Amino acid sequence: MKAARLDYRWHLRQVMASRGMFATTDLIGPLADRKIRLSSSQVYRLVTERPERLSLKILMALLDILDCAMTDLIEPVSAAGQDKKKAGAAGGNAGVGGLRPKRARITRPGD
């Protein structure tokens with residue numbers, strides 16, 4: 001029997017959005033508090049792209065910061081199923097739209 005090829009989807013952006021964190025830079029301070037120093041461009045890539053390599057220290061820090069489980073960030077999928085949902089950064093942008101904050105509407109009295 002041939003072993004199934006597995007791949008994964010990275011859901012960091014969606015988990016951040018569900019916690020009210022909409023800017024990639026929102027992670028810089030909490031990571032630094034855990035002695036992990038990443039540049040803003042490194043954090044941006046971590047949030048918006050699917051990482052091919054990830055330090056376990058960074059993964060554990062993300063789980064702690066976001067108070068989530070590993071399965072919330074990483075979704076195993078069959079390699080064939082990944083091709084169907086390759087929009088954006090392998091699903092990295094999917095599902096965030098409904099979680100974006102609403103813009104304030106300013107009205108003047110009498111309008």
# chains A, B, ... in the order shown; residues from 1 in each chain; ligands from 1
call {"tool": "residues_around", "arguments": {"residues": "segment 32-45 of chain A", "least_positions_apart": "5", "cutoff": "9 Å", "atoms": "only C-alpha atoms", "output": "list in words"}}
result
Ala23, Thr24, Thr25, Leu27, Arg50, Pro51, Lys57, Ile58 and Ala61 of chain A
call {"tool": "write_last_selection", "arguments": {"atoms": "N, CA and C atoms", "output": "tab-separated table (two decimals), in the first residue's frame"}}
result
chain	number	residue	atom	x	y	z
A	23	ALA	N	-2.69	43.41	12.77
A	23	ALA	CA	-1.41	43.85	12.20
A	23	ALA	C	-0.35	42.80	12.50
A	24	THR	N	0.48	42.51	11.51
A	24	THR	CA	1.53	41.51	11.73
A	24	THR	C	2.47	41.96	12.84
A	25	THR	N	2.64	43.27	13.00
A	25	THR	CA	3.54	43.78	14.04
A	25	THR	C	2.99	43.56	15.45
A	27	LEU	N	2.63	40.93	16.82
A	27	LEU	CA	3.35	39.79	17.40
A	27	LEU	C	4.76	40.14	17.88
A	50	ARG	N	3.23	30.59	4.22
A	50	ARG	CA	3.30	29.29	4.86
A	50	ARG	C	4.76	28.95	5.13
A	51	PRO	N	5.17	28.80	6.40
A	51	PRO	CA	6.58	28.53	6.67
A	51	PRO	C	6.97	27.10	6.27
A	57	LYS	N	10.77	26.71	19.21
A	57	LYS	CA	10.64	27.79	20.20
A	57	LYS	C	9.65	28.84	19.71
A	58	ILE	N	9.71	29.16	18.43
A	58	ILE	CA	8.77	30.14	17.87
A	58	ILE	C	7.36	29.55	17.89
A	61	ALA	N	6.01	29.65	21.36
A	61	ALA	CA	5.69	31.03	21.72
A	61	ALA	C	4.37	31.46	21.09
call {"tool": "closest_residue", "arguments": {"among": "A:Arg100, A:Leu46, A:Asp72, A:Ala80", "to": "Val15 of chain A", "atoms": "only C-alpha atoms"}}
result
A:Asp72
call {"tool": "select_by_dssp", "arguments": {"residues": "chain A", "states": "strand (DSSP E or B)", "output": "list of chain:residue names"}}
result
A:Leu6, A:Asp7, A:Tyr8, A:Arg9, A:Trp10, A:Ile74, A:Glu75, A:Pro76, A:Val77, A:Ser78
call {"tool": "residues_around", "arguments": {"residues": "Tyr8 of chain A", "least_positions_apart": "5", "cutoff": "6 Å", "atoms": "only C-alpha atoms", "output": "ChimeraX atom specification"}}
result
/A:75-77
call {"tool": "write_last_selection", "arguments": {"atoms": "C-alpha atoms", "output": "CSV table (one decimal), in the first residue's frame"}}
result
chain,number,residue,atom,x,y,z
A,75,GLU,CA,-4.0,21.8,9.6
A,76,PRO,CA,-2.8,18.5,8.0
A,77,VAL,CA,-4.2,17.9,4.5
call {"tool": "closest_residue", "arguments": {"among": "A:Leu6, A:Met70, A:Leu99, A:Leu31", "to": "Arg19 of chain A", "atoms": "only C-alpha atoms"}}
result
A:Leu99
call {"tool": "residues_around", "arguments": {"residues": "Leu12 of chain A", "least_positions_apart": "2", "cutoff": "10 Å", "atoms": "only C-alpha atoms", "output": "ChimeraX atom specification"}}
result
/A:9-10,14-18,46-50,62-63,66,72-74,92-93
call {"tool": "write_last_selection", "arguments": {"atoms": "N, CA and C atoms", "output": "mmCIF file, in the first residue's frame"}}
result
data_model
loop_
_atom_site.group_PDB
_atom_site.id
_atom_site.type_symbol
_atom_site.label_atom_id
_atom_site.label_comp_id
_atom_site.auth_asym_id
_atom_site.auth_seq_id
_atom_site.Cartn_x
_atom_site.Cartn_y
_atom_site.Cartn_z
ATOM 1 N N ARG A 9 -1.873 23.243 5.962
ATOM 2 C CA ARG A 9 -2.305 24.631 5.787
ATOM 3 C C ARG A 9 -1.901 25.389 7.043
ATOM 4 N N TRP A 10 -1.471 26.609 6.870
ATOM 5 C CA TRP A 10 -0.989 27.463 7.957
ATOM 6 C C TRP A 10 -2.061 28.503 8.259
ATOM 7 N N GLN A 14 -5.496 33.739 10.488
ATOM 8 C CA GLN A 14 -6.875 33.586 10.939
ATOM 9 C C GLN A 14 -6.962 33.533 12.464
ATOM 10 N N VAL A 15 -6.027 32.826 13.094
ATOM 11 C CA VAL A 15 -6.042 32.727 14.556
ATOM 12 C C VAL A 15 -5.765 34.098 15.166
ATOM 13 N N MET A 16 -4.809 34.826 14.593
ATOM 14 C CA MET A 16 -4.537 36.181 15.081
ATOM 15 C C MET A 16 -5.789 37.049 14.960
ATOM 16 N N ALA A 17 -6.443 37.006 13.813
ATOM 17 C CA ALA A 17 -7.635 37.831 13.585
ATOM 18 C C ALA A 17 -8.736 37.486 14.574
ATOM 19 N N SER A 18 -8.893 36.210 14.883
ATOM 20 C CA SER A 18 -9.929 35.810 15.836
ATOM 21 C C SER A 18 -9.625 36.306 17.242
ATOM 22 N N LEU A 46 6.132 35.303 8.412
ATOM 23 C CA LEU A 46 5.594 34.226 9.245
ATOM 24 C C LEU A 46 4.065 34.238 9.227
ATOM 25 N N VAL A 47 3.486 35.421 9.230
ATOM 26 C CA VAL A 47 2.024 35.554 9.269
ATOM 27 C C VAL A 47 1.405 35.343 7.893
ATOM 28 N N THR A 48 2.005 35.903 6.857
ATOM 29 C CA THR A 48 1.359 35.918 5.544
ATOM 30 C C THR A 48 1.745 34.766 4.632
ATOM 31 N N GLU A 49 2.841 34.077 4.938
ATOM 32 C CA GLU A 49 3.272 32.962 4.097
ATOM 33 C C GLU A 49 3.302 31.678 4.910
ATOM 34 N N ARG A 50 3.228 30.594 4.220
ATOM 35 C CA ARG A 50 3.301 29.289 4.865
ATOM 36 C C ARG A 50 4.760 28.952 5.125
ATOM 37 N N LEU A 62 4.155 31.116 19.822
ATOM 38 C CA LEU A 62 2.901 31.460 19.157
ATOM 39 C C LEU A 62 1.709 30.807 19.843
ATOM 40 N N LEU A 63 1.868 29.540 20.215
ATOM 41 C CA LEU A 63 0.786 28.838 20.906
ATOM 42 C C LEU A 63 0.468 29.512 22.235
ATOM 43 N N LEU A 66 -1.098 33.193 21.539
ATOM 44 C CA LEU A 66 -2.461 33.128 20.997
ATOM 45 C C LEU A 66 -3.389 32.226 21.804
ATOM 46 N N ASP A 72 -4.819 24.330 15.818
ATOM 47 C CA ASP A 72 -5.441 25.584 15.390
ATOM 48 C C ASP A 72 -4.570 26.292 14.352
ATOM 49 N N LEU A 73 -3.244 26.147 14.478
ATOM 50 C CA LEU A 73 -2.309 26.808 13.557
ATOM 51 C C LEU A 73 -1.974 25.965 12.336
ATOM 52 N N ILE A 74 -1.875 24.649 12.538
ATOM 53 C CA ILE A 74 -1.419 23.766 11.463
ATOM 54 C C ILE A 74 -2.497 22.729 11.181
ATOM 55 N N GLY A 92 -3.308 31.031 3.599
ATOM 56 C CA GLY A 92 -2.933 31.939 4.662
ATOM 57 C C GLY A 92 -3.845 33.141 4.786
ATOM 58 N N ASN A 93 -4.540 33.516 3.725
ATOM 59 C CA ASN A 93 -5.416 34.677 3.766
ATOM 60 C C ASN A 93 -6.879 34.294 3.862
#
call {"tool": "atom_distance", "arguments": {"atom1": "atom CA of His11 of chain A", "atom2": "atom CA of Arg53 of chain A"}}
result
15.1 Å
